[in-house]
file work29.csv (CSV, C-alpha atoms)
chain,number,residue,atom,x,y,z
A,1,MET,CA,112.7,108.6,65.7
A,2,ILE,CA,109.8,107.8,63.4
A,3,ALA,CA,110.0,106.9,59.7
A,4,THR,CA,107.2,106.6,57.2
A,5,THR,CA,107.8,103.7,54.8
A,6,ASN,CA,105.8,101.7,52.3
A,7,PHE,CA,104.3,98.4,53.6
A,8,LYS,CA,104.5,95.2,51.5
A,9,TYR,CA,100.9,95.6,50.3
A,10,GLU,CA,98.1,98.2,50.4
A,11,PRO,CA,96.1,97.5,53.6
A,12,SER,CA,92.3,97.6,53.5
A,13,GLU,CA,90.2,100.1,55.4
A,14,HIS,CA,89.3,97.4,58.0
A,15,GLU,CA,93.0,96.6,58.6
A,16,LEU,CA,93.8,100.3,59.1
A,17,GLU,CA,91.2,100.6,61.8
A,18,LYS,CA,92.4,97.5,63.7
A,19,ALA,CA,96.1,98.5,63.4
A,20,ALA,CA,95.4,102.0,64.7
A,21,ASN,CA,93.4,100.6,67.6
A,22,SER,CA,96.5,98.7,68.8
A,23,TYR,CA,98.1,102.1,69.6
A,24,VAL,CA,94.9,103.5,71.0
A,25,MET,CA,94.9,100.5,73.4
A,26,SER,CA,98.3,101.3,74.8
A,27,LEU,CA,97.2,104.9,75.3
A,28,VAL,CA,94.0,104.0,77.2
A,29,ALA,CA,96.2,101.7,79.4
A,30,ILE,CA,98.7,104.5,80.1
A,31,MET,CA,95.8,106.7,81.3
A,32,GLY,CA,94.2,104.0,83.4
A,33,GLY,CA,97.2,102.1,84.5
A,34,PHE,CA,99.7,104.8,85.5
A,35,PRO,CA,101.8,104.5,87.6
A,36,LEU,CA,101.7,100.7,87.5
A,37,PRO,CA,103.9,100.1,84.4
A,38,ILE,CA,102.9,96.4,84.0
A,39,ILE,CA,99.3,97.3,83.2
A,40,ASN,CA,100.2,99.0,79.9
A,41,LEU,CA,102.1,96.0,78.8
A,42,ILE,CA,99.3,93.5,79.8
A,43,ALA,CA,96.7,95.6,78.0
A,44,THR,CA,98.8,95.7,74.8
A,45,LEU,CA,99.6,92.1,75.1
A,46,ILE,CA,96.0,91.1,75.3
A,47,PHE,CA,95.2,93.1,72.2
A,48,TYR,CA,98.1,91.5,70.4
A,49,LEU,CA,97.0,88.0,71.4
A,50,GLY,CA,93.4,88.9,70.3
A,51,ASN,CA,94.8,89.7,66.8
A,52,LEU,CA,97.2,86.8,66.4
A,53,ARG,CA,95.1,85.6,63.5
A,54,GLY,CA,94.8,89.0,62.0
A,55,THR,CA,96.4,90.2,58.7
A,56,TYR,CA,100.1,90.9,58.5
A,57,PHE,CA,99.6,94.7,58.6
A,58,VAL,CA,97.4,94.4,61.8
A,59,ARG,CA,99.9,91.9,63.4
A,60,TRP,CA,102.8,94.1,62.5
A,61,HIS,CA,101.4,97.2,64.2
A,62,CYS,CA,100.1,95.3,67.3
A,63,MET,CA,103.7,93.9,67.6
A,64,GLN,CA,105.2,97.4,67.3
A,65,ALA,CA,102.8,98.7,70.0
A,66,LEU,CA,103.7,95.8,72.3
A,67,LEU,CA,107.4,96.2,71.8
A,68,SER,CA,107.2,99.9,72.6
A,69,GLN,CA,105.7,99.0,75.9
A,70,PHE,CA,108.4,96.3,76.5
A,71,PHE,CA,111.0,98.9,75.9
A,72,LEU,CA,109.9,101.3,78.5
A,73,LEU,CA,108.9,98.6,81.1
A,74,PRO,CA,112.3,98.2,82.8
A,75,PHE,CA,112.8,101.9,83.0
A,76,ASN,CA,109.3,102.5,84.5
A,77,SER,CA,109.6,99.5,86.8
A,78,PHE,CA,112.9,100.7,88.2
A,79,GLY,CA,111.3,104.1,88.9
A,80,PHE,CA,108.2,102.5,90.4
A,81,TRP,CA,110.2,100.3,92.8
A,82,TRP,CA,112.5,103.1,93.7
A,83,THR,CA,109.4,105.2,94.7
A,84,VAL,CA,108.1,102.2,96.7
A,85,SER,CA,111.4,101.9,98.5
A,86,ILE,CA,111.3,105.6,99.4
A,87,ILE,CA,107.8,105.2,100.9
A,88,PHE,CA,108.3,102.0,102.8
A,89,THR,CA,112.0,101.8,103.6
A,90,PRO,CA,114.5,104.2,105.2
A,91,GLU,CA,115.6,105.2,101.7
A,92,THR,CA,115.1,109.0,101.2
A,93,ILE,CA,114.4,111.3,98.2
A,94,THR,CA,117.6,112.5,96.5
A,95,SER,CA,118.3,114.8,93.5
A,96,LYS,CA,119.3,111.6,91.6
A,97,TYR,CA,115.8,110.1,92.2
A,98,ILE,CA,114.0,113.3,91.1
A,99,ALA,CA,116.3,113.4,88.0
A,100,TYR,CA,115.4,109.8,87.2
A,101,ILE,CA,111.7,110.4,87.6
A,102,LEU,CA,112.0,113.4,85.3
A,103,THR,CA,113.9,111.4,82.8
A,104,ILE,CA,111.4,108.6,82.6
A,105,PHE,CA,108.6,111.2,82.5
A,106,ILE,CA,110.2,112.8,79.4
A,107,PHE,CA,110.7,109.5,77.6
A,108,ASN,CA,107.1,108.4,78.5
A,109,LEU,CA,105.9,111.7,77.1
A,110,VAL,CA,107.8,111.2,73.9
A,111,GLU,CA,106.4,107.7,73.6
A,112,PHE,CA,102.9,109.0,74.4
A,113,ILE,CA,103.1,111.7,71.7
A,114,GLY,CA,104.7,109.2,69.2
A,115,THR,CA,101.9,106.7,69.9
A,116,ILE,CA,99.2,109.3,69.2
A,117,TYR,CA,100.9,110.4,66.0
A,118,THR,CA,101.4,106.8,64.9
A,119,ALA,CA,97.7,105.9,65.6
A,120,ILE,CA,96.5,108.9,63.5
A,121,GLU,CA,98.9,108.2,60.6
A,122,THR,CA,98.2,104.4,60.6
A,123,ARG,CA,94.5,105.2,60.4
A,124,LYS,CA,95.2,107.3,57.4
A,125,GLY,CA,97.0,104.4,55.8
A,126,LYS,CA,100.6,105.3,56.3
A,127,HIS,CA,103.1,102.7,57.5
A,128,ILE,CA,105.1,104.1,60.4
A,129,GLU,CA,108.3,102.4,61.7
A,130,TRP,CA,109.7,103.5,65.0
A,131,TRP,CA,113.4,103.9,65.8
A,132,VAL,CA,114.7,100.6,67.2
A,133,ILE,CA,111.2,99.2,67.7
A,134,GLY,CA,110.4,99.2,63.9
A,135,GLY,CA,113.5,97.2,63.1
A,136,LEU,CA,112.8,94.7,65.9
A,137,THR,CA,109.2,94.3,64.8
A,138,ASN,CA,110.5,93.5,61.2
A,139,LEU,CA,112.7,90.8,62.8
A,140,ILE,CA,110.0,89.2,64.9
A,141,CYS,CA,106.8,89.7,62.8
A,142,LYS,CA,107.0,87.8,59.5
A,143,ASP,CA,104.4,87.5,56.7
A,144,LYS,CA,102.9,83.9,56.9
B,1,MET,CA,120.4,93.2,63.3
B,2,LYS,CA,123.6,95.2,63.8
B,3,LYS,CA,121.7,98.4,63.0
B,4,ILE,CA,119.0,97.6,65.6
B,5,LEU,CA,121.6,96.8,68.3
B,6,LEU,CA,123.4,100.1,67.5
B,7,GLU,CA,120.1,102.0,67.7
B,8,LEU,CA,119.2,100.3,71.0
B,9,VAL,CA,122.6,101.1,72.6
B,10,LEU,CA,122.3,104.6,71.4
B,11,THR,CA,118.8,105.0,72.9
B,12,VAL,CA,119.9,103.6,76.3
B,13,ALA,CA,122.9,105.9,76.2
B,14,ILE,CA,120.7,108.9,75.5
B,15,ILE,CA,118.4,108.0,78.4
B,16,ALA,CA,121.5,107.6,80.7
B,17,ALA,CA,122.9,110.9,79.4
B,18,VAL,CA,119.6,112.7,80.1
B,19,TRP,CA,119.5,111.2,83.6
B,20,PHE,CA,123.1,112.2,84.2
B,21,GLY,CA,122.5,115.7,83.0
B,22,LEU,CA,119.4,116.2,85.1
B,23,SER,CA,121.3,114.7,88.1
B,24,GLN,CA,123.7,117.6,88.0
B,25,VAL,CA,120.9,119.9,89.1
B,26,ASP,CA,120.4,120.1,92.9
B,27,TRP,CA,116.7,119.4,92.8
B,28,MET,CA,116.5,119.0,96.6
B,29,LYS,CA,117.5,122.7,97.0
B,30,LEU,CA,115.6,123.8,93.9
B,31,LEU,CA,112.3,122.3,95.1
B,32,ASN,CA,113.0,123.0,98.8
B,33,VAL,CA,112.6,119.3,99.7
B,34,GLU,CA,115.2,119.3,102.4
B,35,GLN,CA,114.1,122.6,103.9
B,36,THR,CA,110.5,121.4,104.2
B,37,THR,CA,111.5,118.1,105.8
B,38,GLN,CA,113.9,119.9,108.2
B,39,HIS,CA,111.2,122.5,109.1
B,40,THR,CA,108.6,119.8,109.8
B,41,GLU,CA,111.1,117.8,111.9
B,42,GLU,CA,112.0,120.9,114.0
B,43,LYS,CA,108.4,121.8,114.6
B,44,ILE,CA,107.2,118.2,115.4
B,45,GLY,CA,110.2,117.5,117.7
B,46,ASP,CA,109.6,120.7,119.7
B,47,LEU,CA,105.8,120.0,119.9
B,48,PHE,CA,106.4,116.5,121.2
B,49,TRP,CA,108.9,117.7,123.8
B,50,LYS,CA,106.5,120.5,124.9
B,51,MET,CA,103.8,117.8,125.3
B,52,LEU,CA,106.1,115.6,127.4
B,53,LYS,CA,107.4,118.5,129.5
B,54,ASN,CA,103.8,119.5,130.4
B,55,SER,CA,102.8,116.0,131.4
B,56,GLU,CA,106.0,114.7,133.1
B,57,SER,CA,108.3,116.1,135.7
B,58,GLU,CA,111.7,117.2,134.3
B,59,ILE,CA,114.9,116.8,136.3
B,60,THR,CA,116.8,120.1,136.0
B,61,SER,CA,119.2,119.6,138.9
B,62,ASP,CA,122.7,120.3,137.6
B,63,SER,CA,124.1,117.5,139.8
B,64,VAL,CA,122.1,115.0,137.8
B,65,VAL,CA,121.9,116.6,134.4
B,66,SER,CA,125.6,117.5,134.2
B,67,PRO,CA,127.1,114.0,134.6
B,68,VAL,CA,124.7,112.5,131.9
B,69,ASP,CA,125.4,115.5,129.7
B,70,SER,CA,129.2,114.9,129.9
B,71,MET,CA,128.6,111.2,129.0
B,72,LEU,CA,126.7,112.3,125.9
B,73,THR,CA,129.4,114.9,125.1
B,74,ARG,CA,132.1,112.2,125.3
B,75,ILE,CA,130.3,109.9,122.8
B,76,CYS,CA,129.6,112.9,120.5
B,77,SER,CA,133.1,114.2,120.4
B,78,ALA,CA,134.6,110.8,119.9
B,79,ASN,CA,132.4,110.3,116.9
B,80,SER,CA,132.4,113.8,115.4
B,81,ILE,CA,128.7,114.4,116.2
B,82,GLU,CA,127.8,118.0,116.7
B,83,ARG,CA,127.0,118.0,120.4
B,84,THR,CA,125.0,121.3,120.4
B,85,LYS,CA,122.3,119.9,118.1
B,86,ILE,CA,121.3,117.3,120.6
B,87,LYS,CA,118.9,118.3,123.3
B,88,LEU,CA,119.1,116.1,126.4
B,89,HIS,CA,116.1,115.8,128.7
B,90,LEU,CA,115.9,113.8,131.9
B,91,LEU,CA,112.4,113.0,133.2
B,92,ARG,CA,111.5,111.6,136.6
B,93,LYS,CA,109.4,108.5,135.8
B,94,ASP,CA,109.3,104.9,137.1
B,95,GLU,CA,109.6,103.4,133.6
B,96,ILE,CA,112.9,102.0,132.2
B,97,ASN,CA,112.8,104.0,129.0
B,98,ALA,CA,114.9,106.2,126.8
B,99,PHE,CA,113.9,107.4,123.3
B,100,ALA,CA,114.7,109.9,120.6
B,101,LEU,CA,112.3,112.5,119.3
B,102,PRO,CA,112.5,114.3,116.0
B,103,ASN,CA,114.9,117.3,115.9
B,104,ASN,CA,117.4,115.5,118.1
B,105,HIS,CA,115.6,115.5,121.4
B,106,LEU,CA,117.0,112.7,123.6
B,107,VAL,CA,114.7,111.7,126.5
B,108,VAL,CA,116.0,109.5,129.3
B,109,TYR,CA,113.8,108.4,132.2
B,110,SER,CA,115.2,108.4,135.8
B,111,GLU,CA,114.3,104.7,136.2
B,112,LEU,CA,116.5,103.8,133.3
B,113,ILE,CA,119.5,105.5,135.0
B,114,THR,CA,118.9,103.7,138.3
B,115,SER,CA,118.5,100.4,136.5
B,116,CYS,CA,121.9,100.5,135.0
B,117,GLU,CA,124.5,98.6,137.0
B,118,ASN,CA,127.4,100.7,135.7
B,119,GLU,CA,128.2,103.8,133.6
B,120,ALA,CA,129.0,101.7,130.5
B,121,GLU,CA,125.4,100.4,130.4
B,122,LEU,CA,124.0,103.9,130.3
B,123,TYR,CA,126.6,104.8,127.7
B,124,GLY,CA,125.3,102.0,125.6
B,125,VAL,CA,121.7,103.1,125.8
B,126,ILE,CA,122.6,106.7,125.0
B,127,SER,CA,124.7,105.5,122.0
B,128,HIS,CA,121.8,103.4,120.8
B,129,GLU,CA,119.4,106.3,120.8
B,130,LEU,CA,122.0,108.6,119.3
B,131,ALA,CA,122.4,106.0,116.5
B,132,HIS,CA,118.7,106.3,115.8
B,133,MET,CA,119.1,110.0,115.4
B,134,GLU,CA,122.2,109.9,113.3
B,135,LYS,CA,120.7,107.3,110.9
B,136,ASN,CA,117.5,109.4,110.6
B,137,HIS,CA,115.4,106.5,111.9
B,138,VAL,CA,113.1,108.8,114.0
B,139,MET,CA,111.5,110.7,111.1
B,140,ASN,CA,111.4,107.6,108.9
B,141,LYS,CA,109.5,105.7,111.5
B,142,LEU,CA,107.1,108.6,112.0
B,143,VAL,CA,106.5,109.1,108.3
B,144,LYS,CA,105.9,105.4,107.9
B,145,GLU,CA,103.5,105.0,110.8
B,146,VAL,CA,101.8,108.3,110.9
B,147,GLY,CA,102.2,109.6,107.3
B,148,LEU,CA,104.0,112.7,106.0
B,149,SER,CA,100.7,114.6,105.3
B,150,VAL,CA,99.6,114.2,109.0
B,151,LEU,CA,103.1,115.2,110.2
B,152,ILE,CA,103.0,118.4,108.0
B,153,SER,CA,99.6,119.3,109.3
B,154,MET,CA,100.8,118.7,112.9
B,155,SER,CA,103.8,121.0,112.3
B,156,SER,CA,101.6,123.7,110.9
B,157,GLY,CA,99.5,123.5,114.1
B,158,ASN,CA,96.5,121.7,112.5
B,159,GLY,CA,97.0,118.4,114.2
B,160,ASN,CA,94.6,117.4,117.0
B,161,ALA,CA,95.9,116.5,120.5
B,162,GLU,CA,94.8,112.9,120.3
B,163,MET,CA,96.7,112.4,117.0
B,164,MET,CA,99.8,114.0,118.6
B,165,LYS,CA,99.6,111.7,121.7
B,166,GLU,CA,99.3,108.7,119.5
B,167,ALA,CA,102.3,109.7,117.4
B,168,LEU,CA,104.3,110.4,120.5
B,169,LYS,CA,103.3,107.0,121.9
B,170,HIS,CA,104.7,105.3,118.8
B,171,LEU,CA,108.1,106.9,119.3
B,172,SER,CA,108.4,106.4,123.1
B,173,SER,CA,107.0,102.9,123.5
B,174,SER,CA,107.1,100.9,120.3
B,175,ALA,CA,110.0,99.4,118.5
B,176,TYR,CA,111.6,100.4,115.2
B,177,ASP,CA,111.6,97.5,112.8
B,178,ARG,CA,114.2,94.8,113.3
B,179,LYS,CA,116.5,96.1,110.6
B,180,LEU,CA,116.7,99.6,112.1
B,181,GLU,CA,117.2,98.2,115.6
B,182,THR,CA,120.1,96.1,114.4
B,183,GLU,CA,121.6,99.0,112.6
B,184,ALA,CA,121.2,101.2,115.7
B,185,ASP,CA,122.8,98.5,117.9
B,186,LEU,CA,125.8,98.1,115.6
B,187,THR,CA,126.2,101.8,115.2
B,188,ALA,CA,126.1,102.2,119.0
B,189,VAL,CA,128.9,99.6,119.2
B,190,GLU,CA,130.9,101.7,116.8
B,191,PHE,CA,130.2,104.9,118.8
B,192,LEU,CA,131.3,103.1,122.0
B,193,GLU,CA,134.4,101.7,120.5
B,194,LYS,CA,135.5,105.1,119.2
B,195,ALA,CA,134.9,106.5,122.7
B,196,GLU,CA,137.0,103.7,124.2
B,197,ILE,CA,134.1,102.3,126.1
B,198,ASN,CA,133.5,98.5,126.3
B,199,PRO,CA,130.1,97.7,124.6
B,200,GLU,CA,129.8,94.4,126.6
B,201,PRO,CA,128.0,96.0,129.5
B,202,PHE,CA,125.4,97.3,127.0
B,203,ALA,CA,124.9,93.7,125.8
B,204,ASN,CA,124.6,92.7,129.5
B,205,PHE,CA,122.0,95.4,130.1
B,206,LEU,CA,119.9,94.1,127.2
B,207,TYR,CA,120.2,90.5,128.5
B,208,ARG,CA,119.4,91.3,132.1
B,209,LEU,CA,116.4,93.4,131.3
B,210,ALA,CA,115.1,90.9,128.8
B,211,ASP,CA,114.9,88.4,131.7
B,212,LYS,CA,113.2,90.9,134.0
B,213,THR,CA,110.6,91.7,131.4
B,214,LYS,CA,108.8,88.4,132.2
B,215,ASN,CA,107.9,89.7,135.7
B,216,LEU,CA,107.5,93.4,135.1
B,217,PRO,CA,106.4,93.9,131.5
B,218,SER,CA,104.7,97.3,131.9
B,219,GLN,CA,107.6,98.9,133.6
B,220,ILE,CA,110.4,98.0,131.2
B,221,TYR,CA,109.4,100.0,128.2
B,222,TRP,CA,112.9,100.2,126.7
B,223,ILE,CA,113.2,96.4,126.5
B,224,SER,CA,109.5,95.6,125.7
B,225,SER,CA,109.8,98.1,122.9
B,226,HIS,CA,113.0,96.5,121.7
B,227,PRO,CA,112.1,92.9,120.9
B,228,GLU,CA,114.5,90.0,120.6
B,229,SER,CA,116.8,91.6,123.2
B,230,LYS,CA,118.7,88.4,123.9
B,231,GLU,CA,119.5,88.0,120.2
B,232,ARG,CA,120.5,91.6,120.0
B,233,ALA,CA,122.8,91.1,123.0
B,234,GLU,CA,124.4,88.1,121.4
B,235,ARG,CA,124.9,90.1,118.2
B,236,ILE,CA,126.7,92.8,120.1
B,237,ILE,CA,129.0,90.3,121.8
B,238,GLU,CA,129.7,88.7,118.4
B,239,GLN,CA,130.6,92.1,117.0
B,240,ILE,CA,133.2,92.9,119.7
B,241,LYS,CA,134.7,89.4,119.9
B,242,GLY,CA,138.5,89.5,120.2
B,243,LYS,CA,138.6,93.2,120.8
B,244,SER,CA,140.0,94.7,124.0
B,245,PHE,CA,138.8,97.8,125.8
B,246,PRO,CA,140.2,99.8,128.7
B,247,LYS,CA,138.8,98.6,132.0
B,248,ALA,CA,136.4,100.9,133.9
B,249,GLU,CA,138.1,102.8,136.6
B,250,LEU,CA,137.0,102.7,140.2
B,251,LYS,CA,136.4,106.5,140.3
B,252,ASP,CA,134.0,106.1,137.3
B,253,SER,CA,132.0,103.5,139.2
B,254,LEU,CA,131.8,105.6,142.3
B,255,ARG,CA,130.8,108.6,140.2
B,256,PHE,CA,128.0,106.6,138.7
B,257,GLU,CA,126.8,105.4,142.1
B,258,VAL,CA,126.7,109.0,143.2
B,259,LEU,CA,124.6,109.9,140.1
B,260,LYS,CA,122.2,107.1,140.8
B,261,GLU,CA,121.7,108.2,144.4
B,262,ARG,CA,121.1,111.8,143.2
B,263,VAL,CA,118.5,110.5,140.7
B,264,LYS,CA,116.7,108.6,143.5
B,265,GLU,CA,116.5,111.7,145.7
B,266,LYS,CA,113.2,113.4,145.1
call {"tool": "encode", "arguments": {"input": "work29.csv", "output": "C-alpha cells"}}
result
Amino acid sequence: MIATTNFKYEPSEHELEKAANSYVMSLVAIMGGFPLPIINLIATLIFYLGNLRGTYFVRWHCMQALLSQFFLLPFNSFGFWWTVSIIFTPETITSKYIAYILTIFIFNLVEFIGTIYTAIETRKGKHIEWWVIGGLTNLICKDK
Amino acid sequence: MKKILLELVLTVAIIAAVWFGLSQVDWMKLLNVEQTTQHTEEKIGDLFWKMLKNSESEITSDSVVSPVDSMLTRICSANSIERTKIKLHLLRKDEINAFALPNNHLVVYSELITSCENEAELYGVISHELAHMEKNHVMNKLVKEVGLSVLISMSSGNGNAEMMKEALKHLSSSAYDRKLETEADLTAVEFLEKAEINPEPFANFLYRLADKTKNLPSQIYWISSHPESKERAERIIEQIKGKSFPKAELKDSLRFEVLKERVKEK
C-alpha cells in the first residue's frame, strides 16, 4: 500500500515541515468535517492551492494528500446520500447498507492511519508513495 | 499509466469484495434492528389505538363490523395479505375519515361508511389504507415527522400525553406526501383489480368528496388530508383505462344499503 522511495533531491527542513502539514491538514478536516465528505476535500484543496508556488517536494506531497481525498470522495458521498435517503425518504436500513457503511469505515480508517504514518515519515525526510495515488501524483505533478 | 490503472481497478475490486463479503452477514438480525423497529411499532400502534378507544365510541355490533370485516378479508385473500395481522376498528364519528395506525390498526369512521354511495367506494378506501400499511408508509411518516427517538421513548412509556396526541393527529388528519399517496392509490387499484372489484367508484368517491370539501371542510378529513383529490381520481381512471370488471350485483348494493342503515342506527 505504501512504499518508501528516494525523491529527486534532498528536501530542506522547511520543505519537510510544509509537506508533512499537507497530510495533517486532511486529518484535521476528517475530524472536523466528518460526516460531510466534501469538507476534507475542500480543506486539502485550499492547502494545495496555497502551496502552488512551493517547491517540488511540497507540491508533490500536497498533491498526494489531495488525490487521496479525491479517491475516497465518491465512496463517502455515496454512503452519505444513502444515509440521507434513509432518514428523509421511505428507504429503510438494510444489511447491505450496514455492510457498505462498515466497508467505507474500514477504508477511511486505513486512509486515516496511512495519512498519520505518511505525515510522520515525511517530517523525518522520507519520501512516501501511496499505492495508486503515488503513481497518479507522479503523472500530474511535474518538476518545473 | 497501465500500472496505475491496474492498481486502481484492483483497489476498487477489493472495496467491492469487502462490501460483498460484509453483505453476506445478516446485520439486521445481528444488531436486532428489525426487532427493535417491530417492537416500537407494536407498542406505538397499541398505545394510539388505546387512546382513540378511550376518547371515541367504538362500534362493536356484529351486524356492522362483520360486513366490513368480510370486505377487508376479500381484499386480503385476493392479494395474499395475512388477514389476521390487520386489526379493524369502526368508530362512531361524524367525520368522513379512515386511517392506518402503526402495527396494522385500520380505523374507519361511521360517517365515511354512510358517505359511500356503494360498496366499491368503501372497498377503494379500505384498499388505499391497506396499501399504506403494506408499503410501510405509516411508520415512515411517523419517523419522519415525529422522530425515531421520540417514538422509542413513547413505546417505552416515557412519552407525554400531549406528544402522543400530536403524533396521533398527524396520522389521522394529515396527508402523506404526494409520492406516498400516489403509491397507495396505485397499489389500491392493484388490490381492487385482483379482488375483481372495479376501481372506478373509488375514483368517483375522491372526485365527489373533493367537490364537497368546498362547503364542509372540517367534516371531510379523509379528503382534506388527501390533497389533489381530483388529480388522484383522474390518475386512477387513467390506470384502469381499457380494463373491464364484473358489474356490481343488485344483492351487493342492497347489502351495502342495509349496512349503511345499521351504521346510522345509534
call {"tool": "closest_atom_pairs", "arguments": {"input": "work29.csv", "of": "chain A", "to": "chain B", "cutoff": "12 Å", "atoms": "only C-alpha atoms", "output": "tab-separated table"}}
result
residue	atom	partner	partner_atom	distance
A:Met1	CA	B:Thr11	CA	10.1
A:Phe71	CA	B:Leu8	CA	9.7
A:Leu72	CA	B:Val12	CA	10.5
A:Pro74	CA	B:Val12	CA	11.4
A:Phe75	CA	B:Ile15	CA	9.5
A:Val84	CA	B:Lys144	CA	11.9
A:Ser85	CA	B:Lys144	CA	11.4
A:Ile86	CA	B:Asn140	CA	9.7
A:Ile87	CA	B:Lys144	CA	7.3
A:Phe88	CA	B:Lys144	CA	6.6
A:Thr89	CA	B:Asn140	CA	7.9
A:Pro90	CA	B:Asn140	CA	5.9
A:Glu91	CA	B:Asn140	CA	8.7
A:Thr92	CA	B:Asn140	CA	8.7
A:Ile93	CA	B:Met28	CA	8.1
A:Thr94	CA	B:Met28	CA	6.6
A:Ser95	CA	B:Trp27	CA	4.9
A:Lys96	CA	B:Ser23	CA	5.1
A:Tyr97	CA	B:Ser23	CA	8.3
A:Ile98	CA	B:Trp27	CA	6.9
A:Ala99	CA	B:Leu22	CA	5.1
A:Tyr100	CA	B:Trp19	CA	5.6
A:Ile101	CA	B:Trp19	CA	8.8
A:Leu102	CA	B:Leu22	CA	7.9
A:Thr103	CA	B:Trp19	CA	5.7
A:Ile104	CA	B:Ile15	CA	8.2
A:Phe105	CA	B:Trp19	CA	11.0
A:Ile106	CA	B:Val18	CA	9.4
A:Phe107	CA	B:Ile15	CA	7.9
A:Asn108	CA	B:Ile15	CA	11.3
A:Val110	CA	B:Ile15	CA	12.0
A:Trp130	CA	B:Glu7	CA	10.8
A:Trp131	CA	B:Glu7	CA	7.2
A:Val132	CA	B:Ile4	CA	5.5
A:Ile133	CA	B:Ile4	CA	8.2
A:Gly134	CA	B:Ile4	CA	8.9
A:Gly135	CA	B:Ile4	CA	6.1
A:Leu136	CA	B:Ile4	CA	6.9
A:Thr137	CA	B:Ile4	CA	10.4
A:Asn138	CA	B:Met1	CA	10.1
A:Leu139	CA	B:Met1	CA	8.1
A:Ile140	CA	B:Met1	CA	11.3
call {"tool": "residues_around", "arguments": {"input": "work29.csv", "residues": "Arg83 of chain B", "least_positions_apart": "2", "cutoff": "12 Å", "atoms": "all atoms listed in the file", "output": "PyMOL selection string"}}
result
chain B and resi 69-81+85-88+104-106+130+134
call {"tool": "atom_distance", "arguments": {"input": "work29.csv", "atom1": "atom CA of Lys93 of chain B", "atom2": "atom CA of Glu121 of chain B"}}
result
18.7 Å
call {"tool": "atom_distance", "arguments": {"input": "work29.csv", "atom1": "atom CA of Glu129 of chain A", "atom2": "atom CA of Ile38 of chain A"}}
result
23.7 Å
call {"tool": "residues_near_point", "arguments": {"input": "work29.csv", "point": "(120.0, 114.1, 137.3)", "cutoff": "10 Å", "atoms": "all atoms listed in the file", "output": "VMD selection string"}}
result
chain B and resid 58 to 69 89 to 92 109 to 110 113 259 to 265
call {"tool": "atom_distance", "arguments": {"input": "work29.csv", "atom1": "atom CA of Ser12 of chain A", "atom2": "atom CA of Gly54 of chain A"}}
result
12.3 Å
call {"tool": "decode", "arguments": {"input": "work29.csv", "residues": "segment 20-34 of chain B", "atoms": "C-alpha atoms", "output": "PDB file, in the first residue's frame"}}
result
ATOM      1  CA  PHE B  20     -19.933  -8.072  -0.885  1.00  0.00           C
ATOM      2  CA  GLY B  21     -18.341 -10.137   1.883  1.00  0.00           C
ATOM      3  CA  LEU B  22     -19.814  -7.984   4.648  1.00  0.00           C
ATOM      4  CA  SER B  23     -23.215  -8.042   2.887  1.00  0.00           C
ATOM      5  CA  GLN B  24     -23.353 -11.792   3.434  1.00  0.00           C
ATOM      6  CA  VAL B  25     -23.783 -11.174   7.156  1.00  0.00           C
ATOM      7  CA  ASP B  26     -27.382 -10.601   8.284  1.00  0.00           C
ATOM      8  CA  TRP B  27     -26.622  -7.348  10.135  1.00  0.00           C
ATOM      9  CA  MET B  28     -30.317  -6.594  10.687  1.00  0.00           C
ATOM     10  CA  LYS B  29     -30.652  -9.780  12.722  1.00  0.00           C
ATOM     11  CA  LEU B  30     -27.243  -9.475  14.342  1.00  0.00           C
ATOM     12  CA  LEU B  31     -27.876  -5.924  15.531  1.00  0.00           C
ATOM     13  CA  ASN B  32     -31.566  -6.535  16.321  1.00  0.00           C
ATOM     14  CA  VAL B  33     -32.558  -3.647  14.021  1.00  0.00           C
ATOM     15  CA  GLU B  34     -35.767  -5.272  12.777  1.00  0.00           C
TER      16      GLU B  34
END
